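Heads up, the thing below is written out as structure tokens.
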Amino acid sequence: MRTAPLLLSMLLAATGLATEPMRFLTARDGKLYDGEDEFRFVSWNIPNLHNVEDAFDFLGDSPWRWPDAYEIDDALETVRQMGGRVARTYVISVRRDEGDMGDNVHVFAPGRFNEEAFRTLDLVLKTAAEKGVRVIIPLVDNWHWWGGVRQYEAFRGKPEGAFWTDPQVIADFKQTIEHVVTRTNTLTGLRYADDPAIFGWETGNELDSPPDWTRQITAYLKQLDPRHLVIDGRSLRGVPLESLDDPNVDVITTHHYPNSGNNTAWSVIDAIRRVDGKKAYFVGEFGFLPIDEARRMLDAVIKHGASGALYWSLRFHRREGGFYWHCEPSGNDLFKSYHWPGFPEGRAYREHLVMPLIRSAAYRIRGLDEPPPPTPKPPRMLEPIRPRLLSWQGSTGASAYDVQRADSANGPWRTIAADLSDAAVQYRPLFVDETAPFGAPHYYRVIAKNTSGQSAGSEPIGPIIANTGLLVDELSDDSRIATIEGPHNFRTGRARGVQEDIHRLELFPGSSVTYDLPGPAVSVRVWTFSEGEANIEIASTVPSGQTRWATHHTTPPKAANDYGYLRSVLTEATAEVFPTARVTIGLPKETAVSVELSRVECEYGVPPK
């Protein structure tokens, strides 16, 4: 009888765990194989999977950190729910002095490696094996974003281009390769070379390497690890024809973007024709294109026999609530990272259409019917940083959430907000409870929902007592503002420079906004961005006119970075005299630059009866 194995398989599938041990992928006759079964995939690039570059803290000096277990699980569970089977990380990062990475890198110097970084990669591979997802790891970047070929040259004081020819620099890079390939995973006990959760080693990302370098590095990889596939990382300028005859190259890949002039289905078909079945081939990156062309490219991959395609790019839930975000520098101030299962906040770049498109193709390329998404698991509520400000760790695949409140941890529960998106705000608390009674203890829980159903309620948090009220404005429109004086502009673009905030209000010198509160003002906090030195003023309106509040401005040291982040300032003020219910936030006329309000919090006392 097969009842017990079948039941076990169903139970494992329900928990998101792989139902059978992985085998090493192989390549022959221009195709990839998992045992005797052809292996094909449509899935995602997940750059932050092993090193997060988007962990913005408003007053922090660096957005880099290592993902934790919850985040890694969410990322790979997303791939599993989307039928993807493959995830491509970004590169093995290298220390560079001119950025804001600091020591959040894999390679400190030639032969010096960051154990914390590799322990994170250990967890990625362990989780990937549990989810049945294969991981592609590019070994070095052609570009500077995470440190790359230029940093290896700089370590030795070598000129640009030495990475490809200089024996010392090549030896340094081989040290990195050896460290990675022969590492023993501290969580599984497996050497990376013995881990089938690794799809294969990519020589690098979008390399400009000469054929001699590629032959040397691929031979070295095969010498250290003969069982894993080797992928040629020369991907941005079409098919590297020399590698079609390299016995140590197993897989060819190409990248497709508007600025490369190859972001079309025809370019994919042309690449397949050029490879001509001599090697396995997949589309390693594509994106920043209209949805109809994305559909045609996926159709070309499936119809013409390519092994797969990976869309650019997916970001996952963050541990403090909400998602990581990444506005793409090459995306014409439109395209951003994608979030599963797709949210209204991504409508401008068709996130609500791209996510189902990729999922459908992931099952179609495997010849499978697309199943409904799994019902979300319960989210996890987080302890609030202040009463009324609520966040939760999202549930993978949830499209909306209901927030419930009760006077007891045992209920009865009342829904106080329905169908909330946890993508609505960036790097801020997800919900503000403006209706909780003053001075009374209360409890919260949250329920996750999608088209398949809803989760049980999260574990409740509490008791929480709010002795003051709170008005919060995320500046998506003027609905919370009583009056606006002077020139102003609601902004959504240039999100990368303002820590990915997609809703701001720009005030010009002499302009102001006024809020009418339900009770007397107690304190005000305002988050702002500006190109230069510019500080707002906060005032109360009293019968005799306006009284300015004493304000405190906090701004972090401005570290070197690649994205041109604007100056961030947190302005805080506490009422000292004549508190009233009318608060004005303004930019002095003599200020030389404009200011973008990112978030306003107005705390107030008990409203009069």
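If you're wondering about the labels, chains in the structure tokens are A, B, ... by order shown, residues count from 1 in each chain, ligands from 1 in order shown.
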For Ser209 (chain A), find every residue with an atom within 8 Å (counting only C-alpha atoms), except residues of its own chain fewer than 2 positions away, and show them as a ChimeraX atom specification.
/A:164,207,211,213-214,234
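Coordinates place CA of Gly586 (chain A) at a distance of 6.5 Å from CA of Ile538 (chain A).
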Taking 2 positions as the minimum chain separation for residues in the same chain, which residues sit within 10 Å of Arg274 (chain A) when counting only C-alpha atoms? Answer as a ChimeraX atom specification.
/A:238-241,244,268-272,276-278
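Shell of region 321-333 of chain A at 8 Å, with only C-alpha atoms counted and residues fewer than 2 places along the chain excluded, is Asp54, Ala55, Asn259, Phe288, Arg315, Phe316, His317, Arg318, Arg319, Phe335, Lys336, Ser337, His339, Ser391, Trp392, Gln393, Gly394, Asp422, Ala423, Val425, Gln426, Tyr427, Pro429, Leu430, Gly493, Arg494, Ala495, Arg496 and Glu500 of chain A.
Using only C-alpha atoms, the smallest distance between any of A:Thr89, A:Ile231, A:Thr78, A:Trp64 and Ala398 (chain A) comes from A:Thr78.
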For Arg273 (chain A), which residue among A:Ala300, A:Asp250, A:Phe118, A:Ile465 is the nearest when counting only C-alpha atoms?
A:Ala300
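Closest approach to Arg80 (chain A) among A:Arg40, A:Arg96, A:Lys131, A:Arg183 is made by A:Lys131 (distances from only C-alpha atoms).
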So that I can see what lies close to Val403 (chain A), please list as an mmCIF file with N, CA, C and O atoms, in the first residue's frame the residues with an atom at most 7 Å from it, counting only C-alpha atoms and leaving out residues fewer than 5 positions away in the same chain.
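Saved the output as result.cif:
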```cif
data_model
loop_
_atom_site.group_PDB
_atom_site.id
_atom_site.type_symbol
_atom_site.label_atom_id
_atom_site.label_comp_id
_atom_site.auth_asym_id
_atom_site.auth_seq_id
_atom_site.Cartn_x
_atom_site.Cartn_y
_atom_site.Cartn_z
ATOM 1 N N THR A 415 -13.288 43.675 14.767
ATOM 2 C CA THR A 415 -12.435 44.156 13.682
ATOM 3 C C THR A 415 -12.485 45.675 13.631
ATOM 4 O O THR A 415 -13.561 46.274 13.495
ATOM 5 N N ILE A 416 -11.313 46.305 13.778
ATOM 6 C CA ILE A 416 -11.246 47.771 13.748
ATOM 7 C C ILE A 416 -10.654 48.289 12.445
ATOM 8 O O ILE A 416 -10.722 49.485 12.171
ATOM 9 N N ALA A 417 -10.085 47.403 11.630
ATOM 10 C CA ALA A 417 -9.585 47.779 10.296
ATOM 11 C C ALA A 417 -9.572 46.537 9.432
ATOM 12 O O ALA A 417 -9.081 45.486 9.857
ATOM 13 N N ALA A 418 -10.125 46.636 8.217
ATOM 14 C CA ALA A 418 -10.243 45.470 7.334
ATOM 15 C C ALA A 418 -9.478 45.701 6.046
ATOM 16 O O ALA A 418 -9.353 46.836 5.565
ATOM 17 N N ARG A 445 -4.896 41.557 17.785
ATOM 18 C CA ARG A 445 -4.434 40.451 16.969
ATOM 19 C C ARG A 445 -4.722 40.812 15.507
ATOM 20 O O ARG A 445 -5.461 41.762 15.218
ATOM 21 N N VAL A 446 -4.121 40.037 14.588
ATOM 22 C CA VAL A 446 -4.281 40.325 13.166
ATOM 23 C C VAL A 446 -4.527 39.019 12.425
ATOM 24 O O VAL A 446 -4.039 37.954 12.831
ATOM 25 N N ILE A 447 -5.316 39.093 11.350
ATOM 26 C CA ILE A 447 -5.669 37.945 10.524
ATOM 27 C C ILE A 447 -5.206 38.194 9.101
ATOM 28 O O ILE A 447 -5.411 39.295 8.562
#
```
